[in-house]
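Reproduced below: data.txt, with compact mmCIF, C-alpha atoms.
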# COMPACT_ATOMS: atom_id res chain seq x y z
CA MET B 995 0.00 0.00 0.00
CA SER B 996 1.45 3.37 -0.98
CA TYR B 997 1.04 6.51 1.08
CA SER B 998 -1.27 8.06 -1.51
CA ARG B 999 -3.85 5.35 -0.80
CA VAL B 1000 -3.91 5.70 2.98
CA ILE B 1001 -7.42 6.29 4.38
CA PRO B 1002 -7.39 8.52 7.50
CA PHE B 1003 -7.14 6.27 10.54
CA PHE B 1004 -10.12 7.61 12.50
CA ASP B 1005 -12.48 7.73 9.52
CA HIS B 1006 -12.66 4.16 8.28
CA THR B 1007 -13.04 0.61 9.64
CA PRO B 1008 -11.01 -1.45 9.18
CA ALA B 1009 -8.24 1.11 9.45
CA ALA B 1010 -4.68 0.48 8.37
CA PRO B 1011 -2.58 -0.60 11.39
CA LYS B 1012 -1.13 1.66 14.05
CA ILE B 1013 2.61 1.15 14.49
CA CYS B 1014 3.70 2.24 17.96
CA GLY B 1015 7.02 3.08 19.56
CA ILE B 1016 8.36 5.23 16.71
CA THR B 1017 11.55 7.00 17.80
CA SER B 1018 13.13 8.39 14.63
CA TYR B 1019 12.18 10.22 11.47
CA GLU B 1020 13.66 7.43 9.33
CA ASP B 1021 11.56 4.71 10.97
CA ALA B 1022 8.49 6.94 10.77
CA LEU B 1023 8.98 7.61 7.08
CA ARG B 1024 9.47 3.94 6.21
CA THR B 1025 6.45 3.00 8.31
CA ILE B 1026 4.20 5.58 6.65
CA GLU B 1027 5.35 4.53 3.20
CA SER B 1028 4.55 0.91 4.08
CA GLY B 1029 0.91 1.94 4.50
CA ALA B 1030 0.46 2.44 8.25
CA GLY B 1031 -2.68 4.31 9.21
CA ALA B 1032 -1.27 5.72 12.44
CA LEU B 1033 2.03 6.10 14.26
CA GLY B 1034 2.42 6.06 18.04
CA PHE B 1035 5.06 8.10 19.89
CA ASN B 1036 5.71 6.97 23.46
CA PHE B 1037 6.25 9.60 26.18
CA TYR B 1038 6.46 7.21 29.14
CA PRO B 1039 10.05 7.41 30.49
CA PRO B 1040 10.42 3.79 31.73
CA SER B 1041 9.63 2.45 28.27
CA PRO B 1042 12.60 1.45 26.07
CA ARG B 1043 10.78 3.28 23.25
CA SER B 1044 10.28 6.53 25.14
CA ILE B 1045 10.85 10.01 23.75
CA PRO B 1046 11.97 12.42 26.52
CA GLU B 1047 9.51 15.19 27.36
CA GLU B 1048 12.18 17.82 26.65
CA ALA B 1049 13.20 16.30 23.29
CA ASP B 1050 13.10 18.30 20.06
CA LEU B 1051 9.80 17.38 18.36
CA SER B 1052 10.48 19.20 15.10
CA TRP B 1053 10.88 15.90 13.24
CA ILE B 1054 7.36 14.88 14.30
CA GLU B 1055 6.05 18.29 13.27
CA LYS B 1056 7.64 17.72 9.84
CA LEU B 1057 5.89 14.36 9.54
CA LYS B 1058 2.53 15.98 10.22
CA LYS B 1059 3.18 18.63 7.60
CA ASP B 1060 4.44 16.22 4.93
CA TYR B 1061 1.99 13.36 5.64
CA PRO B 1062 -1.22 14.95 6.92
CA ASP B 1063 -3.37 11.85 6.38
CA SER B 1064 -1.26 9.67 8.69
CA ALA B 1065 -2.53 9.93 12.26
CA LEU B 1066 0.14 10.78 14.84
CA VAL B 1067 -0.68 9.61 18.36
CA ALA B 1068 1.05 10.69 21.59
CA VAL B 1069 1.09 7.81 24.08
CA VAL B 1070 1.20 8.77 27.78
CA VAL B 1071 0.98 6.98 31.13
CA ASN B 1072 -0.44 8.89 34.12
CA PRO B 1073 0.93 12.12 32.62
CA GLU B 1074 1.86 15.28 34.45
CA GLU B 1075 0.28 18.53 33.29
CA SER B 1076 3.63 19.80 31.97
CA LEU B 1077 3.81 16.92 29.48
CA LEU B 1078 0.22 17.40 28.37
CA VAL B 1079 0.87 21.10 27.76
CA ARG B 1080 4.00 20.29 25.74
CA LEU B 1081 2.12 17.82 23.56
CA ARG B 1082 -0.78 20.19 22.99
CA GLU B 1083 1.48 23.09 22.10
CA ALA B 1084 3.41 20.99 19.59
CA LEU B 1085 0.27 21.02 17.40
CA CYS B 1086 1.34 17.88 15.56
CA PHE B 1087 -0.61 15.14 17.35
CA ASP B 1088 -3.98 14.02 16.05
CA ALA B 1089 -4.72 12.07 19.22
CA ILE B 1090 -3.55 11.35 22.72
CA GLN B 1091 -3.60 7.79 24.05
CA PHE B 1092 -3.96 7.34 27.81
CA HIS B 1093 -2.21 4.08 28.64
CA GLY B 1094 -2.04 4.22 32.44
CA ASP B 1095 -4.47 4.29 35.35
CA GLU B 1096 -6.18 7.51 34.32
CA SER B 1097 -9.79 7.92 35.44
CA PRO B 1098 -12.69 8.38 33.01
CA GLU B 1099 -13.05 11.96 34.26
CA PHE B 1100 -9.37 12.80 33.72
CA CYS B 1101 -9.40 11.30 30.22
CA ALA B 1102 -12.57 13.15 29.23
CA THR B 1103 -11.18 16.50 30.38
CA GLU B 1104 -7.66 16.20 28.98
CA GLY B 1105 -8.63 14.20 25.91
CA ALA B 1106 -11.04 16.93 24.81
CA ARG B 1107 -8.02 19.18 24.27
CA PHE B 1108 -6.93 17.00 21.30
CA PRO B 1109 -8.81 16.19 18.09
CA TYR B 1110 -9.24 12.56 19.27
CA TRP B 1111 -8.39 10.56 22.35
CA ILE B 1112 -7.86 6.85 22.93
CA LYS B 1113 -8.08 4.97 26.20
CA ALA B 1114 -5.93 1.85 26.49
CA LEU B 1115 -7.06 -0.87 28.89
CA ARG B 1116 -5.15 -3.85 30.16
CA ILE B 1117 -7.44 -6.87 29.87
CA ARG B 1118 -7.45 -9.97 32.08
CA SER B 1119 -11.14 -10.77 32.38
CA GLU B 1120 -14.71 -9.94 31.37
CA GLY B 1121 -14.82 -7.36 34.17
CA ASP B 1122 -11.78 -5.53 32.81
CA ILE B 1123 -13.22 -5.25 29.35
CA GLU B 1124 -16.66 -4.14 30.49
CA ALA B 1125 -15.04 -1.33 32.47
CA ALA B 1126 -14.14 0.15 29.10
CA THR B 1127 -17.68 1.45 28.70
CA ALA B 1128 -17.03 4.04 31.44
CA PHE B 1129 -14.75 6.02 29.11
CA GLU B 1130 -16.49 8.65 26.98
CA THR B 1131 -14.67 7.93 23.76
CA PRO B 1132 -15.35 5.44 20.99
CA TRP B 1133 -11.62 4.75 20.63
CA LEU B 1134 -10.55 1.93 22.96
CA LEU B 1135 -7.27 0.05 22.77
CA LEU B 1136 -7.28 -3.41 24.34
CA ASP B 1137 -3.87 -4.62 25.54
CA ALA B 1138 -2.54 -7.48 27.63
CA ALA B 1139 -2.46 -7.16 31.42
CA VAL B 1140 1.07 -7.98 32.56
CA PRO B 1141 2.10 -7.03 36.11
CA GLY B 1142 4.61 -4.18 36.25
CA THR B 1143 4.07 -3.02 32.67
CA TYR B 1144 1.90 -0.53 30.83
CA GLY B 1145 1.98 -2.24 27.42
CA GLY B 1146 4.70 -3.37 25.07
CA SER B 1147 4.97 -6.71 26.86
CA GLY B 1148 4.60 -8.93 23.79
CA HIS B 1149 1.76 -10.90 25.44
CA THR B 1150 -1.57 -11.48 23.71
CA ILE B 1151 -5.02 -11.02 25.19
CA ASP B 1152 -8.01 -13.37 24.91
CA TRP B 1153 -9.12 -12.63 21.35
CA ARG B 1154 -12.50 -14.33 21.80
CA LEU B 1155 -13.21 -12.06 24.77
CA ALA B 1156 -12.22 -9.02 22.71
CA GLY B 1157 -14.34 -10.23 19.81
CA ARG B 1158 -17.42 -10.54 22.01
CA PHE B 1159 -16.89 -6.98 23.22
CA VAL B 1160 -16.66 -5.73 19.63
CA GLY B 1161 -19.90 -7.50 18.78
CA ASP B 1162 -21.72 -6.28 21.89
CA HIS B 1163 -20.58 -2.65 21.56
CA PRO B 1164 -20.80 -1.54 17.93
CA GLU B 1165 -20.61 2.07 19.12
CA LYS B 1166 -16.99 1.51 20.17
CA ARG B 1167 -13.99 1.46 17.82
CA VAL B 1168 -11.66 -1.16 19.26
CA ILE B 1169 -7.94 -1.11 18.50
CA LEU B 1170 -6.48 -4.54 19.28
CA ALA B 1171 -2.96 -4.68 20.73
CA GLY B 1172 -0.87 -7.12 22.72
CA GLY B 1173 1.60 -9.61 21.29
CA LEU B 1174 0.67 -9.14 17.64
CA THR B 1175 3.17 -10.12 14.95
CA PRO B 1176 3.17 -10.55 11.19
CA GLY B 1177 2.54 -14.24 11.86
CA ASN B 1178 -0.60 -13.95 13.99
CA VAL B 1179 -2.23 -10.65 13.04
CA ALA B 1180 -4.44 -12.05 10.27
CA GLU B 1181 -5.96 -14.59 12.67
CA ALA B 1182 -6.44 -11.86 15.28
CA VAL B 1183 -8.30 -9.67 12.79
CA VAL B 1184 -10.58 -12.52 11.70
CA THR B 1185 -11.35 -13.44 15.33
CA VAL B 1186 -11.88 -9.95 16.78
CA ARG B 1187 -12.89 -7.77 13.80
CA PRO B 1188 -11.42 -4.63 15.41
CA HIS B 1189 -11.37 -1.10 14.07
CA ALA B 1190 -7.60 -1.48 13.79
CA VAL B 1191 -4.60 -3.32 15.21
CA ASP B 1192 -1.59 -1.90 17.05
CA VAL B 1193 1.96 -3.24 17.28
CA ALA B 1194 5.32 -2.18 18.73
CA SER B 1195 7.73 -4.99 19.67
CA GLY B 1196 6.27 -7.40 17.10
CA VAL B 1197 7.81 -5.48 14.19
CA GLU B 1198 11.19 -4.62 15.70
CA SER B 1199 14.70 -5.91 15.08
CA ALA B 1200 15.51 -4.49 18.55
CA PRO B 1201 13.74 -2.08 20.92
CA ARG B 1202 13.51 1.35 19.24
CA ASN B 1203 14.35 -0.10 15.80
CA LYS B 1204 11.55 -1.03 13.42
CA ASP B 1205 12.29 -3.79 10.91
CA PRO B 1206 10.98 -2.59 7.51
CA GLU B 1207 10.24 -6.11 6.29
CA LYS B 1208 8.29 -6.96 9.44
CA VAL B 1209 6.38 -3.69 9.27
CA SER B 1210 5.40 -4.28 5.65
CA ALA B 1211 4.40 -7.90 6.33
CA PHE B 1212 2.38 -6.91 9.39
CA ILE B 1213 0.42 -4.26 7.50
CA ALA B 1214 -0.24 -6.53 4.52
CA ASN B 1215 -1.37 -9.45 6.69
CA ALA B 1216 -3.57 -7.22 8.85
CA MET B 1217 -5.36 -5.68 5.89
CA ASN B 1218 -5.88 -9.07 4.23
CA GLY B 1219 -7.19 -10.75 7.40
Full structure transcribed into structure tokens:
Amino acid sequence: MSYSRVIPFFDHTPAAPKICGITSYEDALRTIESGAGALGFNFYPPSPRSIPEEADLSWIEKLKKDYPDSALVAVVVNPEESLLVRLREALCFDAIQFHGDESPEFCATEGARFPYWIKALRIRSEGDIEAATAFETPWLLLDAAVPGTYGGSGHTIDWRLAGRFVGDHPEKRVILAGGLTPGNVAEAVVTVRPHAVDVASGVESAPRNKDPEKVSAFIANAMNG
């Protein structure tokens, strides 16, 4: 899929995949040109894919200018106000993704300051997934629940559970994450029928380094699932 054929991520289901943990302009460019619908930029310091709050964001601003149809998503975990202000003032993020323990009220207030907002939930059980309905956004990302982590663990969630949620809540736009790879993403899409899929470690040659062949294979397999 070439860039010219990308359909805006938030406007169409199924959407082209979201590739998360982008840390360089070169990886971003290759990922966009492979047909990704959205790119995620991690601002959670403990993550090996984190971008420091004080980092120069001009390369992300350039991406937004040059590739306006590719959604750029800032990923945060229990963020401080200073980080939220920095991300808002950058004017290059289409969405903010809350990936921590943020309350529905916090997400609604801070998310409204961006064009879109996504709430990520770590799923162990039926109760976890039903709690998603408390968040006033259609954009929900379902990830694996692994103690001591806020995503990027490489573990999968129960796809049948996620699929039931998708069927029961057509008003929600579910983004499936957790342990997806080029080898299993087609099956995940068939089982869950999500709005989109999300991957970080599953398309890397090493943390912070996206493997172009894996990225291309992941996107192709996801869109053909």
Hey, what's within 10 Å of Ile1123 in chain B if we count all atoms listed in the file and toss same-chain stuff fewer than 2 positions away? As a list in words, please?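 The filter keeps Leu1115, Arg1116, Ile1117, Arg1118, Ser1119, Glu1120, Gly1121, Ala1125, Ala1126, Thr1127, Leu1134, Leu1136, Leu1155, Ala1156, Arg1158 and Phe1159 of chain B.
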Which range 1075-1131 of chain B residues have any atom within 7 Å of an atom of range 1067-1070 of chain B, and for each, what is the nearest pair of atoms with distance in Å to one decimal, counting only C-alpha atoms, rows sorted by chain and number, as CSV?
residue,atom,partner,partner_atom,distance
B:Phe1087,CA,B:Val1067,CA,5.6
B:Asp1088,CA,B:Val1067,CA,6.0
B:Ala1089,CA,B:Val1067,CA,4.8
B:Ile1090,CA,B:Ala1068,CA,4.8
B:Gln1091,CA,B:Val1069,CA,4.7
B:Phe1092,CA,B:Val1070,CA,5.4
B:His1093,CA,B:Val1070,CA,5.9
Polymer residues at most 8 Å from (0.5, 5.6, 6.2) by all atoms listed in the file, as a tab-separated table (two decimals) with C-alpha atoms, in the frame of the given file:
chain	number	residue	atom	x	y	z
B	996	SER	CA	1.45	3.37	-0.98
B	997	TYR	CA	1.04	6.51	1.08
B	1000	VAL	CA	-3.91	5.70	2.98
B	1010	ALA	CA	-4.68	0.48	8.37
B	1025	THR	CA	6.45	3.00	8.31
B	1026	ILE	CA	4.20	5.58	6.65
B	1027	GLU	CA	5.35	4.53	3.20
B	1028	SER	CA	4.55	0.91	4.08
B	1029	GLY	CA	0.91	1.94	4.50
B	1030	ALA	CA	0.46	2.44	8.25
B	1031	GLY	CA	-2.68	4.31	9.21
B	1032	ALA	CA	-1.27	5.72	12.44
B	1061	TYR	CA	1.99	13.36	5.64
B	1063	ASP	CA	-3.37	11.85	6.38
B	1064	SER	CA	-1.26	9.67	8.69
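Ranking B:His1189, B:Lys1208, B:Arg1202, B:Lys1059 by their shortest atom-to-atom distance to Pro1011 in chain B, with all atoms listed in the file included, puts B:His1189 first.
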When you draw a straight line from CA of Val1184 in chain B to CA of Glu1198 in chain B, how long is it in Å?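 Separation between CA of Val1184 in chain B and CA of Glu1198 in chain B: 23.5 Å.
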What separation in Å, quoted to one decimal, exists between CA of Val1179 in chain B and CA of His1006 in chain B? 18.7 Å
Name all residues at most 10 Å from Arg1154 in chain B (count all atoms listed in the file; drop same-chain ones fewer than 6 positions away) and give them as number ranges by chain. B: 1160, 1182, 1185-1186
In the coordinate frame of the file, compute which residues have an atom within 10 Å of (-9.9, 11.9, 17.1) when using all atoms listed in the file, and state them as a compact mmCIF listing (two decimals) with C-alpha atoms, keeping the file's coordinate frame.
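The result, written out as out.txt:
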# COMPACT_ATOMS: atom_id res chain seq x y z
CA PHE B 1003 -7.14 6.27 10.54
CA PHE B 1004 -10.12 7.61 12.50
CA ASP B 1005 -12.48 7.73 9.52
CA ALA B 1065 -2.53 9.93 12.26
CA VAL B 1067 -0.68 9.61 18.36
CA PHE B 1087 -0.61 15.14 17.35
CA ASP B 1088 -3.98 14.02 16.05
CA ALA B 1089 -4.72 12.07 19.22
CA ILE B 1090 -3.55 11.35 22.72
CA GLY B 1105 -8.63 14.20 25.91
CA ALA B 1106 -11.04 16.93 24.81
CA PHE B 1108 -6.93 17.00 21.30
CA PRO B 1109 -8.81 16.19 18.09
CA TYR B 1110 -9.24 12.56 19.27
CA TRP B 1111 -8.39 10.56 22.35
CA ILE B 1112 -7.86 6.85 22.93
CA THR B 1131 -14.67 7.93 23.76
CA PRO B 1132 -15.35 5.44 20.99
CA TRP B 1133 -11.62 4.75 20.63
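Of the listed residues B:Glu1083, B:Arg1107, B:Asp1162, B:Trp1153, the one whose atoms come nearest to Glu1055 in chain B is B:Glu1083, with distances taken using all atoms listed in the file.
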Taking 4 positions as the minimum chain separation for residues in the same chain, which residues sit within 10 Å of Thr1007 in chain B when counting only C-alpha atoms? Answer as a PyMOL selection string. chain B and resi 1001-1003+1167-1168+1187-1190
I'd like the interatomic distance between CA of Ala1214 in chain B and CA of Ala1194 in chain B, to a tenth of an Å.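 A separation of 15.9 Å between them.
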Could you tell me which of B:Trp1053, B:Tyr1019, B:Phe1212, B:Phe1129 comes closest to Glu1099 in chain B if we count all atoms listed in the file?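 The shortest atom-to-atom distance to Glu1099 in chain B comes from B:Phe1129.
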Pick out the closest residue to Leu1078 in chain B from this set: B:Ala1009, B:Cys1101, B:Leu1033, B:Ala1216. Count all atoms listed in the file. B:Cys1101
Could you give me the centre and size, in Å to one decimal, of an axis-aligned box around all listed atoms of range 1147-1160 of chain B with 6 Å added on every side, as AutoDock Vina command-line options?
--center_x -6.2 --center_y -10.0 --center_z 23.2 --size_x 34.4 --size_y 20.6 --size_z 19.2
Residue with smallest distance to Gly1034 in chain B - pool B:Leu1135, B:Val1209, B:Leu1081, B:Ile1016, counting only C-alpha atoms: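 Distance minimum relative to Gly1034 in chain B lands on B:Ile1016.
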Could you check which of B:Pro1046, B:Pro1176, B:Gly1157, B:Pro1062 is closest to Glu1207 in chain B, using all atoms listed in the file? B:Pro1176
When you look at Ser1018 in chain B with a cut-off of 12 Å (counting all atoms listed in the file), what residues show up, excluding the ones that are within fewer than 2 positions of it in the same chain? I need them as a list of chain:residue names.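 In the requested form, the answer reads B:Cys1014, B:Gly1015, B:Ile1016, B:Glu1020, B:Asp1021, B:Ala1022, B:Leu1023, B:Arg1024, B:Thr1025, B:Leu1033, B:Gly1034, B:Phe1035, B:Asn1036, B:Arg1043, B:Ser1044, B:Ile1045, B:Ala1049, B:Asp1050, B:Leu1051, B:Ser1052, B:Trp1053, B:Ile1054, B:Lys1056, B:Leu1057, B:Arg1202, B:Asn1203, B:Lys1204.
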